[in-house]
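Student: So that you have it, the file is work_9.cif, and it contains mmCIF, C-alpha atoms and all ligand atoms:
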data_data
#
loop_
_atom_site.label_atom_id
_atom_site.label_comp_id
_atom_site.auth_asym_id
_atom_site.auth_seq_id
_atom_site.Cartn_x
_atom_site.Cartn_y
_atom_site.Cartn_z
CA MET A 2 73.16 126.67 88.62
CA GLU A 3 72.55 123.22 87.23
CA PHE A 4 75.41 121.16 85.89
CA THR A 5 75.35 118.02 83.77
CA ARG A 6 76.36 114.63 85.18
CA PHE A 7 79.77 115.20 83.64
CA GLY A 8 79.91 118.62 85.31
CA GLN A 9 78.88 117.12 88.64
CA LYS A 10 81.55 114.50 88.37
CA MET A 11 84.32 116.91 87.44
CA THR A 12 83.42 119.41 90.16
CA ALA A 13 82.76 116.99 93.03
CA ASN A 14 85.01 116.95 96.04
CA ALA A 15 87.93 115.11 94.47
CA GLY A 16 90.94 114.12 96.56
CA ILE A 17 93.28 115.49 93.92
CA LEU A 18 91.52 118.86 94.08
CA SER A 19 92.03 119.21 97.81
CA LEU A 20 95.65 118.15 97.38
CA MET A 21 96.34 120.68 94.63
CA ASP A 22 94.43 123.32 96.59
CA ASP A 23 96.65 122.73 99.60
CA LEU A 24 99.67 122.92 97.34
CA GLY A 25 98.64 126.24 95.87
CA LYS A 26 97.67 127.94 99.10
CA ALA A 27 100.90 127.66 101.09
CA THR A 28 98.89 128.84 104.08
CA ALA A 29 100.53 130.27 107.13
CA CYS A 30 100.17 128.72 110.57
CA GLY A 31 100.51 131.48 113.18
CA SER A 32 103.59 133.43 112.25
CA ASN A 33 105.26 130.40 110.63
CA PRO A 34 104.70 129.41 107.01
CA MET A 35 103.08 126.03 106.53
CA ILE A 36 105.57 123.19 106.00
CA MET A 37 104.63 121.70 102.64
CA MET A 38 105.04 117.94 102.76
CA GLY A 39 101.82 117.16 100.96
CA GLY A 40 102.10 117.83 97.27
CA GLY A 41 104.05 116.40 94.42
CA ASN A 42 106.19 119.38 93.53
CA PRO A 43 109.69 118.26 92.57
CA GLY A 44 112.69 119.70 94.41
CA GLN A 45 114.89 122.43 93.00
CA VAL A 46 117.95 120.89 91.45
CA PRO A 47 120.16 123.92 90.73
CA GLU A 48 122.27 122.28 88.01
CA PHE A 49 119.17 121.19 86.12
CA GLN A 50 117.58 124.61 86.41
CA GLU A 51 120.78 126.15 85.06
CA ILE A 52 120.71 123.90 81.98
CA MET A 53 117.07 124.86 81.33
CA ARG A 54 117.79 128.56 81.95
CA SER A 55 120.63 128.64 79.42
CA ARG A 56 118.55 126.73 76.91
CA LEU A 57 115.67 129.17 77.29
CA MET A 58 118.05 132.10 76.83
CA ALA A 59 119.51 130.54 73.69
CA ILE A 60 116.00 130.01 72.30
CA CYS A 61 115.08 133.59 73.10
CA GLN A 62 118.13 134.85 71.24
CA ASP A 63 117.29 132.95 68.08
CA ARG A 64 114.33 134.54 66.27
CA GLN A 65 113.28 131.37 64.50
CA LEU A 66 113.44 129.20 67.58
CA PHE A 67 111.66 131.84 69.61
CA HIS A 68 108.87 131.93 67.07
CA ARG A 69 108.56 128.14 67.30
CA LEU A 70 108.40 128.44 71.08
CA ILE A 71 105.50 130.84 71.23
CA GLY A 72 104.19 131.61 67.78
CA GLY A 73 102.74 128.45 66.27
CA TYR A 74 100.59 125.48 67.18
CA ALA A 75 102.45 122.20 67.27
CA PRO A 76 100.84 119.32 65.36
CA PRO A 77 98.30 117.51 67.58
CA GLN A 78 100.76 114.64 68.07
CA GLY A 79 103.25 117.12 69.56
CA GLU A 80 106.42 118.96 68.54
CA LYS A 81 107.86 116.97 65.64
CA SER A 82 111.60 117.25 66.23
CA PHE A 83 111.23 116.41 69.94
CA ILE A 84 109.24 113.30 69.08
CA GLU A 85 111.80 112.22 66.46
CA GLY A 86 114.70 112.80 68.86
CA LEU A 87 112.98 110.89 71.65
CA ALA A 88 112.05 107.95 69.45
CA ALA A 89 115.68 107.69 68.26
CA LEU A 90 116.97 107.92 71.84
CA LEU A 91 114.63 105.27 73.23
CA LYS A 92 115.49 102.99 70.34
CA LYS A 93 119.23 103.46 70.76
CA GLU A 94 119.50 103.55 74.57
CA GLN A 95 116.73 101.17 75.58
CA GLY A 96 116.45 99.03 72.48
CA TRP A 97 112.73 99.80 72.22
CA ASP A 98 111.40 98.94 68.78
CA ILE A 99 109.69 102.27 68.16
CA GLY A 100 109.61 105.22 65.79
CA PRO A 101 108.02 108.69 65.90
CA GLU A 102 104.65 107.08 65.12
CA ASN A 103 104.76 105.52 68.60
CA ILE A 104 104.97 108.76 70.58
CA CYS A 105 102.34 111.35 71.43
CA LEU A 106 102.79 114.39 73.65
CA THR A 107 100.06 115.61 76.00
CA ASN A 108 99.57 118.60 78.26
CA GLY A 109 101.04 116.83 81.27
CA SER A 110 100.78 113.09 81.74
CA GLN A 111 97.70 113.64 83.92
CA THR A 112 95.84 114.56 80.72
CA ALA A 113 97.18 111.42 79.06
CA PHE A 114 95.63 109.30 81.82
CA PHE A 115 92.28 111.03 81.36
CA MET A 116 92.38 110.20 77.66
CA LEU A 117 93.72 106.66 78.04
CA PHE A 118 91.37 105.62 80.84
CA ASN A 119 88.29 106.79 78.95
CA LEU A 120 89.59 105.27 75.72
CA PHE A 121 89.78 101.80 77.21
CA ALA A 122 87.19 101.81 80.01
CA GLY A 123 83.55 102.82 80.23
CA VAL A 124 80.64 101.94 77.94
CA MET A 125 81.96 100.18 74.84
CA GLN A 126 80.67 100.64 71.29
CA ASP A 127 78.40 97.60 71.51
CA GLY A 128 76.75 99.08 74.61
CA GLY A 129 77.39 95.82 76.47
CA VAL A 130 79.45 95.29 79.59
CA GLU A 131 81.02 98.43 80.95
CA LYS A 132 84.78 97.97 80.91
CA LYS A 133 86.82 98.76 84.00
CA ILE A 134 90.39 99.65 84.83
CA CYS A 135 92.35 97.21 86.95
CA LEU A 136 94.85 98.77 89.33
CA PRO A 137 96.80 95.70 90.42
CA MET A 138 98.56 97.56 93.22
CA ALA A 139 96.91 99.35 96.10
CA PRO A 140 97.68 101.96 97.36
CA GLU A 141 97.91 103.73 94.02
CA TYR A 142 98.11 107.32 92.68
CA ILE A 143 95.34 109.60 94.00
CA GLY A 144 95.23 111.42 90.67
CA TYR A 145 93.67 108.42 88.87
CA ALA A 146 90.65 108.26 91.15
CA ASP A 147 88.41 110.87 89.52
CA LEU A 148 89.49 110.57 85.90
CA GLY A 149 86.70 108.30 84.71
CA LEU A 150 83.74 109.76 82.85
CA THR A 151 81.61 107.07 84.44
CA ASP A 152 81.56 106.08 88.10
CA GLY A 153 83.10 102.98 89.58
CA LEU A 154 85.71 102.65 86.88
CA PHE A 155 88.47 101.12 89.02
CA VAL A 156 88.91 97.71 90.54
CA THR A 157 91.80 96.69 92.73
CA THR A 158 92.77 94.12 95.33
CA ARG A 159 94.46 94.37 98.69
CA PRO A 160 98.21 93.95 98.44
CA GLU A 161 100.25 91.49 100.43
CA ILE A 162 102.29 93.17 103.12
CA GLU A 163 105.83 91.96 103.64
CA LEU A 164 107.26 93.07 106.97
CA LEU A 165 110.95 93.86 106.63
CA ASP A 166 113.80 94.41 109.06
CA GLY A 167 114.55 97.86 110.37
CA GLY A 168 110.90 98.97 110.62
CA PHE A 169 110.31 98.79 106.86
CA PHE A 170 107.56 97.01 104.96
CA LYS A 171 106.75 96.46 101.29
CA TYR A 172 103.51 95.90 99.41
CA HIS A 173 103.36 93.17 96.79
CA ILE A 174 100.70 92.50 94.18
CA ASP A 175 98.53 89.62 95.38
CA PHE A 176 98.42 87.61 92.16
CA ASP A 177 96.23 84.91 93.75
CA LYS A 178 93.45 87.43 94.26
CA LEU A 179 94.02 89.50 91.13
CA LYS A 180 91.16 88.75 88.76
CA ILE A 181 91.40 90.04 85.20
CA GLY A 182 87.93 89.17 83.90
CA ASP A 183 86.27 90.05 80.59
CA ASP A 184 85.08 93.32 82.12
CA ILE A 185 88.63 94.71 82.41
CA GLY A 186 89.61 97.03 79.55
CA VAL A 187 93.07 98.01 80.68
CA ILE A 188 95.56 97.49 83.53
CA CYS A 189 97.52 100.40 85.00
CA ILE A 190 100.36 100.66 87.50
CA SER A 191 102.63 103.49 88.56
CA ARG A 192 106.29 102.44 88.84
CA PRO A 193 107.66 103.83 91.14
CA THR A 194 104.29 103.99 92.83
CA ASN A 195 102.95 107.23 94.15
CA PRO A 196 102.27 107.32 97.19
CA THR A 197 104.47 104.56 98.59
CA GLY A 198 107.75 104.74 96.68
CA ASN A 199 107.25 101.06 95.87
CA VAL A 200 108.86 99.76 92.70
CA VAL A 201 107.13 96.59 91.55
CA THR A 202 109.86 94.08 90.90
CA ASP A 203 110.88 93.07 87.38
CA ALA A 204 109.36 89.64 88.12
CA GLU A 205 106.01 91.16 89.22
CA LEU A 206 106.01 93.37 86.13
CA ALA A 207 106.76 90.38 83.89
CA ARG A 208 103.70 88.60 85.35
CA LEU A 209 101.52 91.66 84.70
CA ILE A 210 102.83 91.92 81.15
CA ALA A 211 102.01 88.25 80.56
CA LEU A 212 98.52 88.63 82.09
CA ALA A 213 97.73 91.65 79.91
CA ALA A 214 98.96 89.84 76.78
CA GLU A 215 96.94 86.74 77.64
CA ARG A 216 93.79 88.86 78.06
CA GLU A 217 94.62 90.95 74.99
CA ILE A 218 94.29 94.22 76.87
CA PRO A 219 96.94 96.93 77.21
CA LEU A 220 99.04 97.48 80.31
CA ILE A 221 99.80 101.11 81.19
CA ILE A 222 103.07 101.69 83.02
CA ASP A 223 103.07 105.13 84.60
CA SER A 224 106.72 106.07 84.75
CA ALA A 225 106.28 109.69 85.86
CA TYR A 226 109.09 109.17 88.42
CA GLY A 227 110.75 106.25 86.79
CA LEU A 228 112.81 104.98 83.95
CA PRO A 229 114.31 105.85 81.54
CA PHE A 230 113.85 109.40 82.92
CA PRO A 231 113.68 111.14 85.40
CA GLY A 232 115.14 107.98 86.94
CA MET A 233 114.08 108.43 90.58
CA VAL A 234 114.63 104.74 91.33
CA TYR A 235 116.82 103.49 94.21
CA CYS A 236 116.75 99.76 93.52
CA ALA A 237 117.34 97.48 90.54
CA ALA A 238 114.61 97.86 87.92
CA ARG A 239 114.45 97.58 84.16
CA PRO A 240 112.43 99.89 81.90
CA VAL A 241 110.38 97.95 79.38
CA TRP A 242 108.20 98.57 76.34
CA ASN A 243 106.48 96.30 73.90
CA ASP A 244 103.57 96.60 71.52
CA ASN A 245 101.06 95.80 74.22
CA LEU A 246 102.45 98.28 76.75
CA ILE A 247 101.63 101.95 77.06
CA VAL A 248 104.50 103.68 78.81
CA CYS A 249 103.66 107.14 80.14
CA LEU A 250 106.54 109.50 80.84
CA SER A 251 106.62 113.11 81.94
CA LEU A 252 109.01 116.06 82.10
CA SER A 253 107.46 117.17 85.40
CA LYS A 254 109.55 115.35 87.96
CA LEU A 255 112.78 116.19 86.15
CA GLY A 256 112.01 119.67 87.36
CA LEU A 257 109.58 121.02 84.77
CA PRO A 258 106.06 120.55 86.21
CA ALA A 259 104.98 123.99 85.06
CA VAL A 260 105.58 123.28 81.36
CA ARG A 261 102.94 120.50 81.41
CA THR A 262 104.49 117.94 79.13
CA GLY A 263 103.46 114.32 79.18
CA ILE A 264 104.78 111.66 76.81
CA VAL A 265 102.97 108.47 75.79
CA VAL A 266 104.87 105.65 74.12
CA ALA A 267 102.42 103.19 72.61
CA ARG A 268 101.47 101.28 69.50
CA LYS A 269 100.57 103.36 66.47
CA GLU A 270 96.76 103.05 66.70
CA ILE A 271 96.80 104.31 70.28
CA VAL A 272 99.04 107.25 69.35
CA GLN A 273 96.65 108.10 66.53
CA ALA A 274 93.69 108.00 68.92
CA LEU A 275 95.46 110.27 71.43
CA THR A 276 96.45 112.63 68.62
CA GLY A 277 92.79 112.97 67.68
CA MET A 278 91.82 113.56 71.28
CA ASN A 279 94.53 116.20 71.65
CA ALA A 280 93.12 118.01 68.62
CA ILE A 281 89.58 117.91 69.98
CA MET A 282 90.43 118.82 73.55
CA SER A 283 93.17 121.39 73.06
CA LEU A 284 94.07 121.69 69.35
CA SER A 285 97.66 120.81 70.10
CA PRO A 286 99.85 120.02 73.10
CA ASN A 287 102.13 122.58 74.68
CA ASN A 288 105.37 123.38 72.82
CA PHE A 289 107.27 124.71 75.75
CA GLY A 290 108.54 121.52 77.38
CA ALA A 291 109.43 119.94 74.05
CA MET A 292 111.42 123.01 73.01
CA LEU A 293 113.19 123.37 76.36
CA ALA A 294 114.10 119.72 76.67
CA GLY A 295 114.55 119.02 72.95
CA GLN A 296 118.31 119.43 72.99
CA ILE A 297 118.97 117.14 76.00
CA VAL A 298 116.77 114.54 74.36
CA GLU A 299 118.48 114.85 70.98
CA ASN A 300 122.00 114.55 72.43
CA GLY A 301 120.91 111.84 74.88
CA GLU A 302 121.95 113.89 77.92
CA ILE A 303 118.54 113.46 79.55
CA ILE A 304 119.35 109.87 80.54
CA GLY A 305 122.68 110.81 82.16
CA LEU A 306 121.07 113.78 83.93
CA GLY A 307 118.52 111.44 85.45
CA ARG A 308 121.16 108.91 86.49
CA ASP A 309 123.91 111.26 87.68
CA LEU A 310 121.99 114.28 88.96
CA ILE A 311 118.31 113.70 89.65
CA GLN A 312 118.60 110.19 91.08
CA PRO A 313 121.39 111.00 93.60
CA PHE A 314 119.63 114.26 94.56
CA TYR A 315 116.48 112.40 95.61
CA GLN A 316 118.18 109.32 96.99
CA THR A 317 120.19 111.52 99.36
CA LYS A 318 117.04 113.35 100.43
CA MET A 319 115.27 110.04 100.97
CA GLU A 320 118.11 108.69 103.14
CA ARG A 321 118.14 111.88 105.21
CA ALA A 322 114.37 111.76 105.68
CA VAL A 323 114.50 108.10 106.74
CA ALA A 324 117.23 108.92 109.28
CA VAL A 325 115.07 111.71 110.72
CA VAL A 326 112.07 109.37 110.99
CA ARG A 327 114.23 106.81 112.84
CA GLU A 328 115.39 109.48 115.27
CA GLN A 329 112.09 111.31 115.83
CA PHE A 330 109.70 108.37 115.85
CA ALA A 331 111.69 106.22 118.29
CA GLY A 332 109.25 104.32 120.51
CA ILE A 333 106.25 105.08 118.25
CA PRO A 334 104.70 102.25 116.19
CA CYS A 335 105.66 103.69 112.83
CA ARG A 336 106.66 101.60 109.83
CA ILE A 337 108.08 103.07 106.63
CA HIS A 338 107.30 101.58 103.25
CA LYS A 339 110.66 100.61 101.73
CA PRO A 340 111.48 103.76 99.75
CA GLU A 341 112.56 102.37 96.39
CA GLY A 342 111.71 105.36 94.23
CA ALA A 343 109.87 108.68 93.73
CA MET A 344 109.94 111.31 96.49
CA PHE A 345 107.59 110.15 99.21
CA LEU A 346 107.74 108.37 102.52
CA TRP A 347 104.63 106.32 103.23
CA LEU A 348 104.27 106.00 106.98
CA TRP A 349 102.07 103.36 108.58
CA PHE A 350 100.85 103.91 112.15
CA GLU A 351 99.38 100.58 113.16
CA ASP A 352 96.28 100.78 115.39
CA LEU A 353 96.34 104.56 115.36
CA PRO A 354 93.43 105.65 117.60
CA ILE A 355 92.20 108.22 115.02
CA THR A 356 91.85 108.07 111.22
CA SER A 357 94.56 109.36 108.90
CA LEU A 358 92.15 112.08 107.72
CA GLU A 359 91.77 113.29 111.31
CA LEU A 360 95.54 113.13 111.65
CA TYR A 361 95.93 115.20 108.46
CA ARG A 362 93.65 117.90 109.95
CA LEU A 363 95.52 117.92 113.26
CA LEU A 364 98.84 118.21 111.46
CA LYS A 365 97.51 121.08 109.36
CA ASP A 366 96.59 122.87 112.61
CA HIS A 367 100.17 122.29 113.74
CA GLY A 368 101.60 123.78 110.54
CA VAL A 369 102.46 120.68 108.48
CA LEU A 370 100.70 119.58 105.31
CA VAL A 371 100.73 115.87 104.49
CA VAL A 372 98.26 113.73 102.52
CA SER A 373 95.92 111.33 104.27
CA GLY A 374 96.52 107.80 103.04
CA HIS A 375 92.84 106.88 102.64
CA TYR A 376 92.66 108.70 99.29
CA PHE A 377 95.10 106.29 97.68
CA PHE A 378 92.90 103.20 97.41
CA PRO A 379 90.72 103.88 94.34
CA GLY A 380 88.60 100.85 93.57
CA LEU A 381 89.18 99.07 96.89
CA GLY A 382 85.63 98.70 98.11
CA ASP A 383 86.18 96.59 101.20
CA GLU A 384 86.62 97.97 104.65
CA TRP A 385 90.25 97.78 105.64
CA LYS A 386 91.57 99.51 108.74
CA HIS A 387 94.99 99.84 107.12
CA LYS A 388 93.57 102.45 104.68
CA ASP A 389 93.09 104.86 107.58
CA GLU A 390 96.45 104.22 109.24
CA CYS A 391 98.86 105.71 106.68
CA ILE A 392 100.02 109.12 105.53
CA ARG A 393 102.18 110.26 102.65
CA VAL A 394 104.93 112.78 103.27
CA THR A 395 106.95 114.38 100.48
CA TYR A 396 110.69 114.78 100.97
CA SER A 397 111.45 116.80 97.84
CA GLN A 398 111.62 120.19 99.55
CA GLY A 399 114.29 121.78 101.82
CA ASP A 400 116.00 119.39 104.26
CA GLU A 401 115.51 121.71 107.22
CA ASP A 402 111.77 121.95 106.57
CA ILE A 403 111.55 118.19 106.27
CA ARG A 404 113.36 117.73 109.56
CA ARG A 405 111.04 120.22 111.32
CA GLY A 406 107.97 118.77 109.66
CA LEU A 407 108.81 115.20 110.63
CA ALA A 408 109.54 116.30 114.21
CA ILE A 409 106.10 117.95 114.41
CA ILE A 410 104.41 114.85 112.94
CA ALA A 411 106.22 112.63 115.46
CA GLY A 412 105.19 114.90 118.34
CA VAL A 413 101.52 114.89 117.31
CA VAL A 414 101.41 111.14 116.62
CA ARG A 415 103.08 110.38 119.96
CA GLN A 416 100.43 112.39 121.79
CA ILE A 417 97.67 110.61 119.85
CA TYR A 418 98.96 107.18 120.86
CA GLU A 419 99.29 108.41 124.45
CA LYS A 420 95.68 109.70 124.22
CA LYS A 421 96.79 113.23 125.03
CA LEU A 422 95.36 114.66 121.80
N1 LIG A 501 101.54 109.89 87.59
C1 LIG A 501 101.95 109.97 88.84
C2 LIG A 501 102.25 108.70 89.57
C3 LIG A 501 102.09 111.21 89.48
O1 LIG A 501 102.48 111.28 90.74
C4 LIG A 501 101.80 112.39 88.74
C5 LIG A 501 101.92 113.72 89.35
O2 LIG A 501 102.22 113.89 90.49
C6 LIG A 501 101.37 112.25 87.41
C7 LIG A 501 101.26 110.99 86.86
C8 LIG A 501 101.02 113.43 86.58
O3 LIG A 501 102.11 114.24 86.34
P1 LIG A 501 102.15 115.35 85.17
O4 LIG A 501 100.74 115.59 84.72
O5 LIG A 501 102.75 116.54 85.81
O6 LIG A 501 102.97 114.76 84.08
#
Taking this structure as input, can you express it in the form of structure tokens?
Ligand code: PLP
Tutor:
Amino acid sequence: MEFTRFGQKMTANAGILSLMDDLGKATACGSNPMIMMGGGNPGQVPEFQEIMRSRLMAICQDRQLFHRLIGGYAPPQGEKSFIEGLAALLKKEQGWDIGPENICLTNGSQTAFFMLFNLFAGVMQDGGVEKKICLPMAPEYIGYADLGLTDGLFVTTRPEIELLDGGFFKYHIDFDKLKIGDDIGVICISRPTNPTGNVVTDAELARLIALAAEREIPLIIDSAYGLPFPGMVYCAARPVWNDNLIVCLSLSKLGLPAVRTGIVVARKEIVQALTGMNAIMSLSPNNFGAMLAGQIVENGEIIGLGRDLIQPFYQTKMERAVAVVREQFAGIPCRIHKPEGAMFLWLWFEDLPITSLELYRLLKDHGVLVVSGHYFFPGLGDEWKHKDECIRVTYSQGDEDIRRGLAIIAGVVRQIYEKKL
């Protein structure tokens, strides 16, 4: 069968596809189930699930609410009362100067990135220079890599690496090398960053905001793990919005990935554009997340839940995972990116004799799924050994599995360094 160029592009061997495939398969290794440390599934936070369960039951018991849940299309901008409640909350709690006209819902924030990237980058109306997307931080989210309708949409620069005490390191944006030329249509950064757990500092963010304003292009802040919710941030960081920023939020990492609800906070014209795209692509965004979470948005509880429940849940898991790495990887050249947010440890094995993709395959044979680090450098053309020396491991699942998984990874990596594998 012959596909169009678009078809080719959307069906090619994308990193995100192999990652989601791995996530869905939950393959067995011998008699043991595979230890899933690859994907981005959030952990199960029982208290949060209980709140959602009772809310769903209450909706089901109210005929009118139940009808709204399943029986009508939402407007293409998204469920109206959720949007109004959220705008009021963000205005009151964060001081953001916004109203309902600044918010659009999408079927997951992944869909929002598809729309936003192709809105601001690609062939422009005048048919002149093709605009690109600048990712100022590398490594960056694997899920961006294949979202462009045209090829070669991303540009990035190598980060600076700060070596820290205790076997940690941290990437910083290299502002000296960062070039925002006339060919850049938009800048985008995830904060916290997937895959590293890096949180760009307030000062770095302020410089990016200034650069974007100077160039008169928008800056997208992907806050899927961040502030003001779900709040998976373990260092000081301030959530920001202004007219030139596009802040993307999501209900997924709170614990609702299956309801596919993304939230874009942006200036009115951008919200109108996304609303039109929603209508064309899917008539209207999903109602489910907005209905389930509407009440905790309206009463403001969502912020406290992030701060008092979700954040401590993941911070504890992160600290446990770091302690296991310390114990299991003793004597192995393994550095951990300073885990400042999200739910991943980014491990760097300097001068590893094999590539991270080969390591991923070996680990899969040993019953542990991780993600090879090389996928996370979209737009970084130059050869850089470092790209093949890192893996991402997720610590959101059961502590015992994480302990076993990390022990297996350490065993395999040790043998590789000792040339026994
Ligand atoms: N942004 C980042 C950094 C992510 O890690 C993810 C998912 O893992 C997304 C966006 C998309 O999330 P969703 O489409 O579930 O909102």
Student: For range 167-174 of chain A, please output as a VMD selection string all residues within 10 Å (counting only C-alpha atoms; exclusion window: fewer than 2 positions along the same chain).
Tutor: chain A and resid 136 to 140 157 to 165 176 to 179 197 to 202 205 to 206 209 327 334 to 341 347 to 349
Student: If you take all atoms listed in the file and a cut-off of 6 Å, which residues of chain A touch ligand LIG 501 (chain A), and what are their nearest atom pairs and distances in Å to one decimal, in chain and number order, as JSON lines?
Tutor:
{"residue": "A:Gly41", "atom": "CA", "partner": "A:LIG501", "partner_atom": "O2", "distance": 5.0}
{"residue": "A:Gly109", "atom": "CA", "partner": "A:LIG501", "partner_atom": "O4", "distance": 3.7}
{"residue": "A:Ser110", "atom": "CA", "partner": "A:LIG501", "partner_atom": "O6", "distance": 3.6}
{"residue": "A:Gln111", "atom": "CA", "partner": "A:LIG501", "partner_atom": "O4", "distance": 3.7}
{"residue": "A:Tyr142", "atom": "CA", "partner": "A:LIG501", "partner_atom": "C2", "distance": 5.4}
{"residue": "A:Ser191", "atom": "CA", "partner": "A:LIG501", "partner_atom": "C2", "distance": 5.3}
{"residue": "A:Asn195", "atom": "CA", "partner": "A:LIG501", "partner_atom": "C2", "distance": 4.9}
{"residue": "A:Asp223", "atom": "CA", "partner": "A:LIG501", "partner_atom": "N1", "distance": 5.8}
{"residue": "A:Ala225", "atom": "CA", "partner": "A:LIG501", "partner_atom": "N1", "distance": 5.0}
{"residue": "A:Ser251", "atom": "CA", "partner": "A:LIG501", "partner_atom": "O6", "distance": 4.5}
{"residue": "A:Ser253", "atom": "CA", "partner": "A:LIG501", "partner_atom": "O5", "distance": 4.8}
{"residue": "A:Pro258", "atom": "CA", "partner": "A:LIG501", "partner_atom": "O5", "distance": 5.2}
{"residue": "A:Arg261", "atom": "CA", "partner": "A:LIG501", "partner_atom": "O5", "distance": 5.9}
{"residue": "A:Gly263", "atom": "CA", "partner": "A:LIG501", "partner_atom": "O6", "distance": 4.9}
Student: Mind writing the picked residues with C-alpha atoms as an mmCIF file, in the coordinates of the input?
Tutor:
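Output below, filename selection_17.cif:
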data_model
loop_
_atom_site.group_PDB
_atom_site.id
_atom_site.type_symbol
_atom_site.label_atom_id
_atom_site.label_comp_id
_atom_site.auth_asym_id
_atom_site.auth_seq_id
_atom_site.Cartn_x
_atom_site.Cartn_y
_atom_site.Cartn_z
ATOM 1 C CA GLY A 41 104.050 116.400 94.420
ATOM 2 C CA GLY A 109 101.040 116.830 81.270
ATOM 3 C CA SER A 110 100.780 113.090 81.740
ATOM 4 C CA GLN A 111 97.700 113.640 83.920
ATOM 5 C CA TYR A 142 98.110 107.320 92.680
ATOM 6 C CA SER A 191 102.630 103.490 88.560
ATOM 7 C CA ASN A 195 102.950 107.230 94.150
ATOM 8 C CA ASP A 223 103.070 105.130 84.600
ATOM 9 C CA ALA A 225 106.280 109.690 85.860
ATOM 10 C CA SER A 251 106.620 113.110 81.940
ATOM 11 C CA SER A 253 107.460 117.170 85.400
ATOM 12 C CA PRO A 258 106.060 120.550 86.210
ATOM 13 C CA ARG A 261 102.940 120.500 81.410
ATOM 14 C CA GLY A 263 103.460 114.320 79.180
#
Student: What is the distance, in Å and to one decimal place, between CA of Leu120 in chain A and CA of Ala274 in chain A?
Tutor: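 CA of Leu120 in chain A sits 8.4 Å away from CA of Ala274 in chain A.
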Student: I'd like the contact shell of range 373-377 of chain A - 7 Å cut-off, all atoms listed in the file, skipping same-chain residues fewer than 6 positions apart - returned as a list in words.
Tutor: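 Surrounding residues, per the criterion: Gly16, Pro140, Glu141, Tyr142, Ile143, Ser357, Leu358, Tyr361, Lys388, Asp389, Cys391, Ile392 and Arg393 of chain A.
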Student: Once you have the residues from the selection above, write them out as a CSV table (one decimal), in the coordinates of the input, restricted to C-alpha atoms.
Tutor:
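Dumped to selection-v2.csv:
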chain,number,residue,atom,x,y,z
A,16,GLY,CA,90.9,114.1,96.6
A,140,PRO,CA,97.7,102.0,97.4
A,141,GLU,CA,97.9,103.7,94.0
A,142,TYR,CA,98.1,107.3,92.7
A,143,ILE,CA,95.3,109.6,94.0
A,357,SER,CA,94.6,109.4,108.9
A,358,LEU,CA,92.2,112.1,107.7
A,361,TYR,CA,95.9,115.2,108.5
A,388,LYS,CA,93.6,102.4,104.7
A,389,ASP,CA,93.1,104.9,107.6
A,391,CYS,CA,98.9,105.7,106.7
A,392,ILE,CA,100.0,109.1,105.5
A,393,ARG,CA,102.2,110.3,102.6
Student: Return the padded bounding box of range 194-198 of chain A as AutoDock Vina command-line options: axis-aligned, built from all atoms listed in the file, 5 Å added on each side, with centre and edge lengths in Å to one decimal.
Tutor:
--center_x 105.0 --center_y 105.7 --center_z 95.7 --size_x 15.5 --size_y 13.3 --size_z 15.8
Student: Please report the interatomic distance between CA of Asn119 in chain A and CA of Lys81 in chain A in Å with one decimal.
Tutor: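 Atom-to-atom, CA of Asn119 in chain A to CA of Lys81 in chain A, that is 25.8 Å.
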Student: For CA of Gln126 in chain A and CA of Leu154 in chain A, determine how far apart the two atoms are, in Å to one decimal place.
Tutor: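 CA of Leu154 in chain A lies at a distance of 16.5 Å from CA of Gln126 in chain A.
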Student: Nearest to Gly149 in chain A among A:Ile36, A:Met11, A:Gly295, A:Phe289, with distances taken over only C-alpha atoms: which residue is it?
Tutor: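 Once distances to Gly149 in chain A are computed over only C-alpha atoms, the minimum belongs to A:Met11.
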Student: Kindly indicate which residue among A:Glu328, A:Asp22, A:Glu85, A:Glu359 lies nearest to Gln296 in chain A, using only C-alpha atoms for the distances.
Tutor: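 Residue with the minimum atom-to-atom distance to Gln296 in chain A: A:Glu85.
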Student: Can you pull out the residues contacting Cys135 in chain A? Cut-off 6 Å, using only C-alpha atoms, and skip same-chain residues under 6 positions away; I want them as a list of chain:residue names.
Tutor: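 These residues fall inside the cut-off: A:Phe155, A:Val156, A:Thr157, A:Ile188.
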Student: Might you pull out every residue within 12 Å of Thr112 in chain A, with all atoms listed in the file counted and same-chain residues fewer than 5 positions away left off, and present them as number ranges by chain?
Tutor: A: 105-107, 117-119, 144-145, 148-149, 249-251, 261-265, 275, 278-279, 282-283, 286-287
Student: Could you save those same residues with C-alpha atoms as a short mmCIF file (atom, residue, chain, number, x, y, z; two decimals), in the coordinates of the input?
Tutor:
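part_14.cif written:
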data_model
loop_
_atom_site.label_atom_id
_atom_site.label_comp_id
_atom_site.auth_asym_id
_atom_site.auth_seq_id
_atom_site.Cartn_x
_atom_site.Cartn_y
_atom_site.Cartn_z
CA CYS A 105 102.34 111.35 71.43
CA LEU A 106 102.79 114.39 73.65
CA THR A 107 100.06 115.61 76.00
CA LEU A 117 93.72 106.66 78.04
CA PHE A 118 91.37 105.62 80.84
CA ASN A 119 88.29 106.79 78.95
CA GLY A 144 95.23 111.42 90.67
CA TYR A 145 93.67 108.42 88.87
CA LEU A 148 89.49 110.57 85.90
CA GLY A 149 86.70 108.30 84.71
CA CYS A 249 103.66 107.14 80.14
CA LEU A 250 106.54 109.50 80.84
CA SER A 251 106.62 113.11 81.94
CA ARG A 261 102.94 120.50 81.41
CA THR A 262 104.49 117.94 79.13
CA GLY A 263 103.46 114.32 79.18
CA ILE A 264 104.78 111.66 76.81
CA VAL A 265 102.97 108.47 75.79
CA LEU A 275 95.46 110.27 71.43
CA MET A 278 91.82 113.56 71.28
CA ASN A 279 94.53 116.20 71.65
CA MET A 282 90.43 118.82 73.55
CA SER A 283 93.17 121.39 73.06
CA PRO A 286 99.85 120.02 73.10
CA ASN A 287 102.13 122.58 74.68
#
